[in-house]
Amino acid sequence: MDRTRLAAHRLGNTVHSLLLVGTLALLLGVLAWILGGPAFVALAVAGVLLLYLANPVASPRLVMSLYRGRWLEPRDAPQLYEIVAELARRAGLEWVPRIFYIPSRVMNAFATGTREDAVVAVSDGLLRGLGTRELTGVLAHEVTHIANGDVQVMAFADMVSRIASLLSLAGQIGLILSLPLALVGGLEIPWLGVLILLFAPTLSALVQLALSRNREYDADLGAAELTGDPAGLASALSRLERAQGRLWERILMPDWRI
């Protein structure tokens, strides 16, 4: 790979991610202004900064408990741990992520936790449906998420989006309660603010999806760099897409293959 182009791409992705997170924070600030004025904006900004510094990430044990699977020890899956250990070394991680087994036929894998307490979860369907080369590409994708700190970034974005949705809901409830005054002419409704309150959840969701897509593309690039085998990851992604069925199946019967 061209290192100069790779560095430029990563810089562009980082700037893109910062802009998207900044957009979420700006939306939160606008909602705070509508609901409480400048003082509430200052409180919202302080809350966002506190969340960013705290970088809230759910405990891997808490997340894994929801899936009712089991932890895999190196003796249980030596080849799997060997692959993850090598990928972690190439990615510059100080610790080898632990592996969690999910007893599900759905072909899926995801990462959670921080660089020091990372977990890569793999489903039974993924282990049975992919070859070693393809599985290595998927694992490299998840290890890249850990190395890039994507779990923390997406957790922060999700938290800001949830707060924005709560503020939007509070504003809509306040609007409904104030409708009697507006009907009798005692209150003027700021329609621009009303539109922002109504569409804020949708806007925050779209920004969050754009941020997620950006980080996923970057993880694909990182996986190709770690393995030196982009075709392996491409083959795995193709298998995952076929496992979801054709387009009409995903629209009309999205769960029938599960």
# chains A, B, ... in the order shown; residues from 1 in each chain; ligands from 1
>>> residues_around(residues="A:Asn148", least_positions_apart="3", cutoff="10 Å", atoms="only C-alpha atoms", output="PDB file with N, CA and C atoms, in the first residue's frame")
ATOM      1  N   THR A  14     -10.191  10.844  10.132  1.00  0.00           N
ATOM      2  CA  THR A  14     -10.189  11.416  11.476  1.00  0.00           C
ATOM      3  C   THR A  14     -10.904  12.763  11.492  1.00  0.00           C
ATOM      4  N   ALA A  91      -1.154  -4.632  15.008  1.00  0.00           N
ATOM      5  CA  ALA A  91      -1.909  -3.398  15.224  1.00  0.00           C
ATOM      6  C   ALA A  91      -1.317  -2.539  16.343  1.00  0.00           C
ATOM      7  N   ARG A 115      -8.750  -0.549  24.648  1.00  0.00           N
ATOM      8  CA  ARG A 115      -7.520  -1.218  24.204  1.00  0.00           C
ATOM      9  C   ARG A 115      -6.975  -2.132  25.298  1.00  0.00           C
ATOM     10  N   GLU A 142     -12.145  -6.358  13.233  1.00  0.00           N
ATOM     11  CA  GLU A 142     -12.515  -6.053  14.616  1.00  0.00           C
ATOM     12  C   GLU A 142     -11.320  -5.554  15.429  1.00  0.00           C
ATOM     13  N   VAL A 143     -10.151  -6.136  15.206  1.00  0.00           N
ATOM     14  CA  VAL A 143      -8.944  -5.683  15.903  1.00  0.00           C
ATOM     15  C   VAL A 143      -8.627  -4.238  15.512  1.00  0.00           C
ATOM     16  N   THR A 144      -8.866  -3.877  14.250  1.00  0.00           N
ATOM     17  CA  THR A 144      -8.650  -2.497  13.812  1.00  0.00           C
ATOM     18  C   THR A 144      -9.592  -1.543  14.536  1.00  0.00           C
ATOM     19  N   HIS A 145     -10.848  -1.962  14.735  1.00  0.00           N
ATOM     20  CA  HIS A 145     -11.783  -1.144  15.514  1.00  0.00           C
ATOM     21  C   HIS A 145     -11.207  -0.855  16.902  1.00  0.00           C
ATOM     22  N   VAL A 151     -14.650   1.909  19.328  1.00  0.00           N
ATOM     23  CA  VAL A 151     -15.679   1.565  20.313  1.00  0.00           C
ATOM     24  C   VAL A 151     -15.988   2.775  21.189  1.00  0.00           C
ATOM     25  N   GLN A 152     -14.924   3.482  21.619  1.00  0.00           N
ATOM     26  CA  GLN A 152     -15.128   4.660  22.452  1.00  0.00           C
ATOM     27  C   GLN A 152     -15.793   5.789  21.684  1.00  0.00           C
ATOM     28  N   VAL A 153     -15.363   5.995  20.418  1.00  0.00           N
ATOM     29  CA  VAL A 153     -15.945   7.069  19.610  1.00  0.00           C
ATOM     30  C   VAL A 153     -17.433   6.839  19.391  1.00  0.00           C
ATOM     31  N   ARG A 215     -16.283   4.821  10.118  1.00  0.00           N
ATOM     32  CA  ARG A 215     -15.392   3.970  10.915  1.00  0.00           C
ATOM     33  C   ARG A 215     -15.326   2.549  10.344  1.00  0.00           C
ATOM     34  N   ASP A 218     -12.934   2.537   7.415  1.00  0.00           N
ATOM     35  CA  ASP A 218     -11.564   2.637   7.902  1.00  0.00           C
ATOM     36  C   ASP A 218     -11.098   1.303   8.487  1.00  0.00           C
ATOM     37  N   ALA A 219     -12.024   0.583   9.145  1.00  0.00           N
ATOM     38  CA  ALA A 219     -11.671  -0.732   9.692  1.00  0.00           C
ATOM     39  C   ALA A 219     -11.394  -1.728   8.577  1.00  0.00           C
ATOM     40  N   GLY A 222      -7.937  -0.934   7.433  1.00  0.00           N
ATOM     41  CA  GLY A 222      -6.973  -1.408   8.425  1.00  0.00           C
ATOM     42  C   GLY A 222      -6.819  -2.915   8.395  1.00  0.00           C
TER      43      GLY A 222
END
>>> residues_around(residues="A:Ala44", least_positions_apart="6", cutoff="9 Å", atoms="only C-alpha atoms", output="ChimeraX atom specification")
/A:25,28-29,32
>>> write_last_selection(atoms="N, CA, C and O atoms", output="PDB file, in the first residue's frame")
ATOM      1  N   ALA A  25     -22.724  17.378  18.665  1.00  0.00           N
ATOM      2  CA  ALA A  25     -22.623  18.293  19.803  1.00  0.00           C
ATOM      3  C   ALA A  25     -23.333  19.618  19.498  1.00  0.00           C
ATOM      4  O   ALA A  25     -23.990  20.198  20.372  1.00  0.00           O
ATOM      5  N   LEU A  28     -27.005  19.160  19.821  1.00  0.00           N
ATOM      6  CA  LEU A  28     -27.349  19.136  21.239  1.00  0.00           C
ATOM      7  C   LEU A  28     -27.394  20.546  21.812  1.00  0.00           C
ATOM      8  O   LEU A  28     -28.289  20.889  22.600  1.00  0.00           O
ATOM      9  N   GLY A  29     -26.424  21.380  21.390  1.00  0.00           N
ATOM     10  CA  GLY A  29     -26.406  22.764  21.859  1.00  0.00           C
ATOM     11  C   GLY A  29     -27.614  23.557  21.393  1.00  0.00           C
ATOM     12  O   GLY A  29     -28.180  24.356  22.148  1.00  0.00           O
ATOM     13  N   ALA A  32     -30.534  22.564  23.441  1.00  0.00           N
ATOM     14  CA  ALA A  32     -30.423  23.157  24.777  1.00  0.00           C
ATOM     15  C   ALA A  32     -30.814  24.640  24.742  1.00  0.00           C
ATOM     16  O   ALA A  32     -31.478  25.132  25.658  1.00  0.00           O
TER      17      ALA A  32
END
>>> residues_around(residues="A:Ala164", least_positions_apart="2", cutoff="8 Å", atoms="only C-alpha atoms", output="ChimeraX atom specification")
/A:27-28,31,160-162,166-168,200-201,204
>>> select_by_dssp(residues="stretch 18-247 of chain A", states="strand (DSSP E or B)", output="count of residues only")
17
>>> closest_atom_pairs(of="stretch 46-110 of chain A", to="stretch 230-245 of chain A", cutoff="12 Å", atoms="only C-alpha atoms", output="CSV")
residue,atom,partner,partner_atom,distance
A:Arg105,CA,A:Ala243,CA,10.3
A:Val106,CA,A:Ala243,CA,8.3
A:Met107,CA,A:Leu240,CA,6.6
A:Asn108,CA,A:Leu240,CA,8.2
A:Ala109,CA,A:Leu240,CA,10.6
>>> atom_distance(atom1="atom CA of A:Gln172", atom2="atom CA of A:Ile196")
10.2 Å
